[in-house]
Amino acid sequence: MFKFLAPVLKSLVGALSAIAFFSHMAYAAAPFKLAVIEGFSGANAAGGEAVFRNLVWAVERVNARDGVKLALERYDSKGQTEEALSALRSAIDGGARVILQGNSSGVAASLIDAINKHNEREPTRRVLFLNYSAVLPELTNEKCSFWHFRFDAHADMRMAALMESIKEDRALKSVYIIGQDYSFGQAVAREARRQLNLVRPDVQIVGDELHPLGKVKDFIPYATKIKASGAQAVITGNFTTDLSLLIKAAKDVGFEGKFYTFYGNALGAPAAIGDSGLGKVVAVADWLPNVPTAGSEAFYKAFRARYPQPADDYVHMRMHLMVEALAQAIDATVKQSGNENAIDLVAVGAQLERAKVTLGGQTGSMRTSDHQFQQTLVVGVMERQGSPGVKFDVEGSGYGFKVVKTIAAAAAELPTTCKMQRP
């Protein structure tokens, strides 16, 4: 009997050892390479560097525990599509398995197309594309791809969240829509018109225009038109200097209405806007530092401990959830295959498209049908640090955002037209 049991017990011990190994994987293989392609020089270099800090910290956190080890490399696109495509080729030649990008929807669209073609042409060198902030809706609708995963809420989702606040402002009767004249700005304006007609048909659109992206130095003429229109609020997708200069010009001409924004909460905007934004600048985000939970506060404090300089205070939860989801997907793939040296990107993609991750009290999940991440969204209004609900300011400016509206993931979700083609 014992002769019979011996091989069984030996097999069982071996199986338990394998389970123990894969539950505490040390990964003898080389680190899994990620390449972030962003404008680290040019007009939005500060945005590229801010993203990179988030990604560095997220990778450090993954590498500090058992499981997959990640290596992060950076490639400068200079904010240009052709440079980004050249960087993509260099990254793949350098062994990158995952491409990270987000600070331009136009660049993202070109990368999706190039990656689709590359992966079909060279199946042994496939790559995945993780997008943290390119929010053009079509990227997970008609241009959806198995290889592309978006972790930010797209523009229509962000607009719907803003509309939750606009819907409750019953005194609001007129708005002015203004934005940057390129694909994203055009999409924001189009969706603002559509959603206003649905949720607040009583609100009159008294102005609707686009301006050159990043080229306007004096917004006084635009602000003058906004005030003359009688608008009580402005809806804009503007960011960085195009946003801060617009709001400051509005203050200079005496406009006293609100600004409903996508990006009024970061990258120098609060400091540049100053007191003119108090109680008037509204921003939508996937997360804000003043989200009133213990998990959120601990996460934010940990980030500030890693990057204590006020100028480095740019943190976005979605970027960290993205890296956590990727690490989770790779670990699950290795556990299934038992081969850490030949990680199949199709299998990683299959894991990633059903990922569910939690960090700092924030939970999100990838929608399999279109690879659009679903998460809670929040709306905040700019106030002075220290006022109720504003424990933390932004970038040492003395201004922060009080959370005034929380939209659950299920309520923030929108339908998709994606017809996913899987390998």
# chains A, B, ... in the order shown; residues from 1 in each chain; ligands from 1
$ select_by_dssp --residues "region 81-288 of chain A" --states "helix (DSSP H, G or I)" --output "number ranges by chain"
A: 81-93, 105-121, 123-125, 137-140, 155-168, 183-199, 220-229, 240-252, 269-277
$ residues_around --residues "region 272-280 of chain A" --least-positions-apart "6" --cutoff "7 Å" --atoms "only C-alpha atoms" --output "VMD selection string"
chain A and resid 244 247 to 248 251 257 to 259 381 to 383
$ write_last_selection --atoms "C-alpha atoms" --output "PDB file, in the first residue's frame"
ATOM      1  CA  SER A 244      -6.010  79.342 -17.335  1.00  0.00           C
ATOM      2  CA  ILE A 247     -10.540  82.050 -17.123  1.00  0.00           C
ATOM      3  CA  LYS A 248      -8.210  84.900 -16.168  1.00  0.00           C
ATOM      4  CA  LYS A 251     -12.236  87.702 -14.735  1.00  0.00           C
ATOM      5  CA  GLY A 257     -20.325  82.870 -14.374  1.00  0.00           C
ATOM      6  CA  LYS A 258     -19.130  79.321 -13.756  1.00  0.00           C
ATOM      7  CA  PHE A 259     -16.702  77.289 -15.842  1.00  0.00           C
ATOM      8  CA  VAL A 381     -15.526  72.792  -7.338  1.00  0.00           C
ATOM      9  CA  MET A 382     -12.464  74.962  -6.692  1.00  0.00           C
ATOM     10  CA  GLU A 383     -12.169  76.389  -3.164  1.00  0.00           C
TER      11      GLU A 383
END
$ atom_distance --atom1 "CA of Leu321 (chain A)" --atom2 "CA of Val357 (chain A)"
6.5 Å
$ select_by_dssp --residues "region 283-395 of chain A" --states "strand (DSSP E)" --output "JSON, numbers by chain"
{"A": [283, 284, 285, 356, 357, 358, 359, 362, 363, 364, 365, 366, 367, 372, 373, 374, 375, 377, 378, 379, 380, 381, 382, 383, 384]}
$ closest_residue --among "A:Thr333, A:Ser105, A:Ser397, A:Gln385" --to "Ala311 (chain A)" --atoms "only C-alpha atoms"
A:Ser397
$ residues_around --residues "Ala109 (chain A)" --least-positions-apart "2" --cutoff "9 Å" --atoms "only C-alpha atoms" --output "MDAnalysis selection string"
chainID A and resid 104:107 111:114 134 136 138:139 143
$ write_last_selection --atoms "all heavy atoms" --output "PDB file, in the first residue's frame"
ATOM      1  N   SER A 104      -2.593  62.818 -26.033  1.00  0.00           N
ATOM      2  CA  SER A 104      -3.141  63.302 -27.304  1.00  0.00           C
ATOM      3  C   SER A 104      -3.999  62.211 -27.917  1.00  0.00           C
ATOM      4  O   SER A 104      -3.518  61.097 -28.150  1.00  0.00           O
ATOM      5  CB  SER A 104      -2.022  63.679 -28.287  1.00  0.00           C
ATOM      6  OG  SER A 104      -2.538  63.800 -29.603  1.00  0.00           O
ATOM      7  N   SER A 105      -5.264  62.533 -28.186  1.00  0.00           N
ATOM      8  CA  SER A 105      -6.147  61.551 -28.823  1.00  0.00           C
ATOM      9  C   SER A 105      -5.740  61.293 -30.265  1.00  0.00           C
ATOM     10  O   SER A 105      -5.881  60.177 -30.776  1.00  0.00           O
ATOM     11  CB  SER A 105      -7.599  62.041 -28.770  1.00  0.00           C
ATOM     12  OG  SER A 105      -8.124  61.923 -27.467  1.00  0.00           O
ATOM     13  N   GLY A 106      -5.223  62.328 -30.943  1.00  0.00           N
ATOM     14  CA  GLY A 106      -4.772  62.146 -32.318  1.00  0.00           C
ATOM     15  C   GLY A 106      -3.610  61.179 -32.398  1.00  0.00           C
ATOM     16  O   GLY A 106      -3.568  60.295 -33.261  1.00  0.00           O
ATOM     17  N   VAL A 107      -2.650  61.332 -31.475  1.00  0.00           N
ATOM     18  CA  VAL A 107      -1.513  60.406 -31.421  1.00  0.00           C
ATOM     19  C   VAL A 107      -2.004  59.009 -31.080  1.00  0.00           C
ATOM     20  O   VAL A 107      -1.574  58.017 -31.677  1.00  0.00           O
ATOM     21  CB  VAL A 107      -0.474  60.893 -30.394  1.00  0.00           C
ATOM     22  CG1 VAL A 107       0.565  59.800 -30.126  1.00  0.00           C
ATOM     23  CG2 VAL A 107       0.212  62.162 -30.887  1.00  0.00           C
ATOM     24  N   LEU A 111      -1.422  55.527 -33.097  1.00  0.00           N
ATOM     25  CA  LEU A 111      -0.751  54.390 -32.471  1.00  0.00           C
ATOM     26  C   LEU A 111      -1.610  53.127 -32.555  1.00  0.00           C
ATOM     27  O   LEU A 111      -1.091  52.033 -32.802  1.00  0.00           O
ATOM     28  CB  LEU A 111      -0.425  54.705 -31.010  1.00  0.00           C
ATOM     29  CG  LEU A 111       0.718  55.691 -30.756  1.00  0.00           C
ATOM     30  CD1 LEU A 111       0.848  55.991 -29.270  1.00  0.00           C
ATOM     31  CD2 LEU A 111       2.041  55.162 -31.308  1.00  0.00           C
ATOM     32  N   ILE A 112      -2.916  53.276 -32.332  1.00  0.00           N
ATOM     33  CA  ILE A 112      -3.806  52.112 -32.443  1.00  0.00           C
ATOM     34  C   ILE A 112      -3.709  51.505 -33.837  1.00  0.00           C
ATOM     35  O   ILE A 112      -3.566  50.291 -33.998  1.00  0.00           O
ATOM     36  CB  ILE A 112      -5.260  52.507 -32.127  1.00  0.00           C
ATOM     37  CG1 ILE A 112      -5.414  52.833 -30.637  1.00  0.00           C
ATOM     38  CG2 ILE A 112      -6.232  51.380 -32.510  1.00  0.00           C
ATOM     39  CD1 ILE A 112      -6.758  53.438 -30.276  1.00  0.00           C
ATOM     40  N   ASP A 113      -3.777  52.348 -34.854  1.00  0.00           N
ATOM     41  CA  ASP A 113      -3.711  51.866 -36.233  1.00  0.00           C
ATOM     42  C   ASP A 113      -2.370  51.185 -36.512  1.00  0.00           C
ATOM     43  O   ASP A 113      -2.318  50.096 -37.110  1.00  0.00           O
ATOM     44  CB  ASP A 113      -3.923  53.042 -37.185  1.00  0.00           C
ATOM     45  CG  ASP A 113      -3.957  52.609 -38.639  1.00  0.00           C
ATOM     46  OD1 ASP A 113      -4.789  51.753 -38.979  1.00  0.00           O
ATOM     47  OD2 ASP A 113      -3.147  53.126 -39.440  1.00  0.00           O
ATOM     48  N   ALA A 114      -1.284  51.812 -36.059  1.00  0.00           N
ATOM     49  CA  ALA A 114       0.045  51.243 -36.303  1.00  0.00           C
ATOM     50  C   ALA A 114       0.234  49.933 -35.558  1.00  0.00           C
ATOM     51  O   ALA A 114       0.822  48.973 -36.093  1.00  0.00           O
ATOM     52  CB  ALA A 114       1.117  52.252 -35.880  1.00  0.00           C
ATOM     53  N   ALA A 134      -6.181  59.625 -23.384  1.00  0.00           N
ATOM     54  CA  ALA A 134      -6.682  60.024 -24.699  1.00  0.00           C
ATOM     55  C   ALA A 134      -8.173  59.688 -24.738  1.00  0.00           C
ATOM     56  O   ALA A 134      -8.541  58.511 -24.791  1.00  0.00           O
ATOM     57  CB  ALA A 134      -5.930  59.296 -25.809  1.00  0.00           C
ATOM     58  N   LEU A 136     -10.892  60.702 -26.759  1.00  0.00           N
ATOM     59  CA  LEU A 136     -11.780  60.759 -27.918  1.00  0.00           C
ATOM     60  C   LEU A 136     -12.676  59.517 -27.912  1.00  0.00           C
ATOM     61  O   LEU A 136     -12.173  58.386 -27.920  1.00  0.00           O
ATOM     62  CB  LEU A 136     -10.952  60.811 -29.200  1.00  0.00           C
ATOM     63  CG  LEU A 136     -11.682  61.258 -30.481  1.00  0.00           C
ATOM     64  CD1 LEU A 136     -12.164  62.705 -30.357  1.00  0.00           C
ATOM     65  CD2 LEU A 136     -10.762  61.124 -31.690  1.00  0.00           C
ATOM     66  N   GLU A 138     -14.387  57.768 -29.988  1.00  0.00           N
ATOM     67  CA  GLU A 138     -14.329  56.764 -31.051  1.00  0.00           C
ATOM     68  C   GLU A 138     -13.243  55.708 -30.815  1.00  0.00           C
ATOM     69  O   GLU A 138     -13.278  54.619 -31.395  1.00  0.00           O
ATOM     70  CB  GLU A 138     -14.096  57.442 -32.399  1.00  0.00           C
ATOM     71  CG  GLU A 138     -12.770  58.142 -32.540  1.00  0.00           C
ATOM     72  CD  GLU A 138     -12.703  59.037 -33.771  1.00  0.00           C
ATOM     73  OE1 GLU A 138     -13.590  59.880 -33.956  1.00  0.00           O
ATOM     74  OE2 GLU A 138     -11.748  58.871 -34.547  1.00  0.00           O
ATOM     75  N   LEU A 139     -12.280  55.991 -29.926  1.00  0.00           N
ATOM     76  CA  LEU A 139     -11.189  55.043 -29.710  1.00  0.00           C
ATOM     77  C   LEU A 139     -11.658  53.739 -29.067  1.00  0.00           C
ATOM     78  O   LEU A 139     -10.988  52.704 -29.195  1.00  0.00           O
ATOM     79  CB  LEU A 139     -10.090  55.678 -28.855  1.00  0.00           C
ATOM     80  CG  LEU A 139      -9.438  56.948 -29.415  1.00  0.00           C
ATOM     81  CD1 LEU A 139      -8.325  57.421 -28.503  1.00  0.00           C
ATOM     82  CD2 LEU A 139      -8.924  56.736 -30.834  1.00  0.00           C
ATOM     83  N   LYS A 143     -13.384  52.763 -33.559  1.00  0.00           N
ATOM     84  CA  LYS A 143     -11.964  52.447 -33.737  1.00  0.00           C
ATOM     85  C   LYS A 143     -11.441  51.472 -32.679  1.00  0.00           C
ATOM     86  O   LYS A 143     -10.230  51.335 -32.508  1.00  0.00           O
ATOM     87  CB  LYS A 143     -11.131  53.740 -33.705  1.00  0.00           C
ATOM     88  CG  LYS A 143     -11.324  54.629 -34.920  1.00  0.00           C
ATOM     89  CD  LYS A 143     -10.367  55.803 -34.884  1.00  0.00           C
ATOM     90  CE  LYS A 143     -10.539  56.722 -36.106  1.00  0.00           C
ATOM     91  NZ  LYS A 143     -10.206  56.066 -37.357  1.00  0.00           N
TER      92      LYS A 143
END
$ residues_around --residues "region 406-412 of chain A" --least-positions-apart "5" --cutoff "10 Å" --atoms "only C-alpha atoms" --output "list in words"
Ala153, Asp156, Met157, Arg158, Met159, Ala160, Ala161, Leu162, Glu164, Val284, Ala285, Asp286, Trp287, Val291, Thr363, Gly364, Ser365, Phe373, Gln374, Gln375, Thr376, Leu377, Val378, Val379 and Gly380 of chain A
$ closest_residue --among "A:Ala249, A:Leu352, A:Leu267, A:Val188" --to "His316 (chain A)" --atoms "only C-alpha atoms"
A:Leu267
$ closest_atom_pairs --of "region 254-325 of chain A" --to "region 220-228 of chain A" --cutoff "9 Å" --atoms "only C-alpha atoms" --output "JSON lines"
{"residue": "A:Gly254", "atom": "CA", "partner": "A:Lys227", "partner_atom": "CA", "distance": 7.5}
{"residue": "A:Phe255", "atom": "CA", "partner": "A:Lys227", "partner_atom": "CA", "distance": 5.5}
{"residue": "A:Glu256", "atom": "CA", "partner": "A:Lys227", "partner_atom": "CA", "distance": 8.5}
{"residue": "A:Gly257", "atom": "CA", "partner": "A:Lys227", "partner_atom": "CA", "distance": 8.9}
$ closest_residue --among "A:Ala269, A:Met322, A:Met366, A:Ile343" --to "Gly400 (chain A)" --atoms "only C-alpha atoms"
A:Ala269
$ closest_residue --among "A:Asp93, A:Asp181, A:Glu209, A:Glu142" --to "Arg126 (chain A)" --atoms "only C-alpha atoms"
A:Asp93
$ closest_residue --among "A:Val253, A:Ala327, A:Ala71, A:Ala283" --to "Gly95 (chain A)" --atoms "only C-alpha atoms"
A:Ala71
$ residues_around --residues "Leu88 (chain A)" --least-positions-apart "4" --cutoff "8 Å" --atoms "only C-alpha atoms" --output "list in words"
Ile37, Ala84, Ile92, Ile99 and Leu111 of chain A
$ write_last_selection --atoms "all heavy atoms" --output "tab-separated table (two decimals), in the first residue's frame"
chain	number	residue	atom	x	y	z
A	37	ILE	N	5.30	56.56	-24.36
A	37	ILE	CA	5.57	57.47	-25.47
A	37	ILE	C	4.79	58.74	-25.23
A	37	ILE	O	3.55	58.76	-25.29
A	37	ILE	CB	5.17	56.83	-26.82
A	37	ILE	CG1	5.99	55.57	-27.08
A	37	ILE	CG2	5.34	57.82	-27.96
A	37	ILE	CD1	5.57	54.81	-28.33
A	84	ALA	N	5.88	60.12	-32.58
A	84	ALA	CA	5.33	59.03	-31.76
A	84	ALA	C	5.41	57.70	-32.49
A	84	ALA	O	5.73	56.66	-31.90
A	84	ALA	CB	3.88	59.34	-31.38
A	92	ILE	N	9.48	48.98	-29.81
A	92	ILE	CA	9.30	47.56	-30.14
A	92	ILE	C	10.64	46.90	-30.42
A	92	ILE	O	10.92	45.80	-29.94
A	92	ILE	CB	8.34	47.40	-31.33
A	92	ILE	CG1	6.93	47.86	-30.95
A	92	ILE	CG2	8.32	45.96	-31.82
A	92	ILE	CD1	5.95	47.92	-32.10
A	99	ILE	N	2.85	49.39	-24.68
A	99	ILE	CA	3.02	50.81	-24.98
A	99	ILE	C	2.04	51.60	-24.11
A	99	ILE	O	0.86	51.25	-24.02
A	99	ILE	CB	2.76	51.10	-26.47
A	99	ILE	CG1	3.63	50.20	-27.36
A	99	ILE	CG2	2.96	52.57	-26.78
A	99	ILE	CD1	5.12	50.37	-27.15
A	111	LEU	N	-1.42	55.53	-33.10
A	111	LEU	CA	-0.75	54.39	-32.47
A	111	LEU	C	-1.61	53.13	-32.56
A	111	LEU	O	-1.09	52.03	-32.80
A	111	LEU	CB	-0.42	54.71	-31.01
A	111	LEU	CG	0.72	55.69	-30.76
A	111	LEU	CD1	0.85	55.99	-29.27
A	111	LEU	CD2	2.04	55.16	-31.31
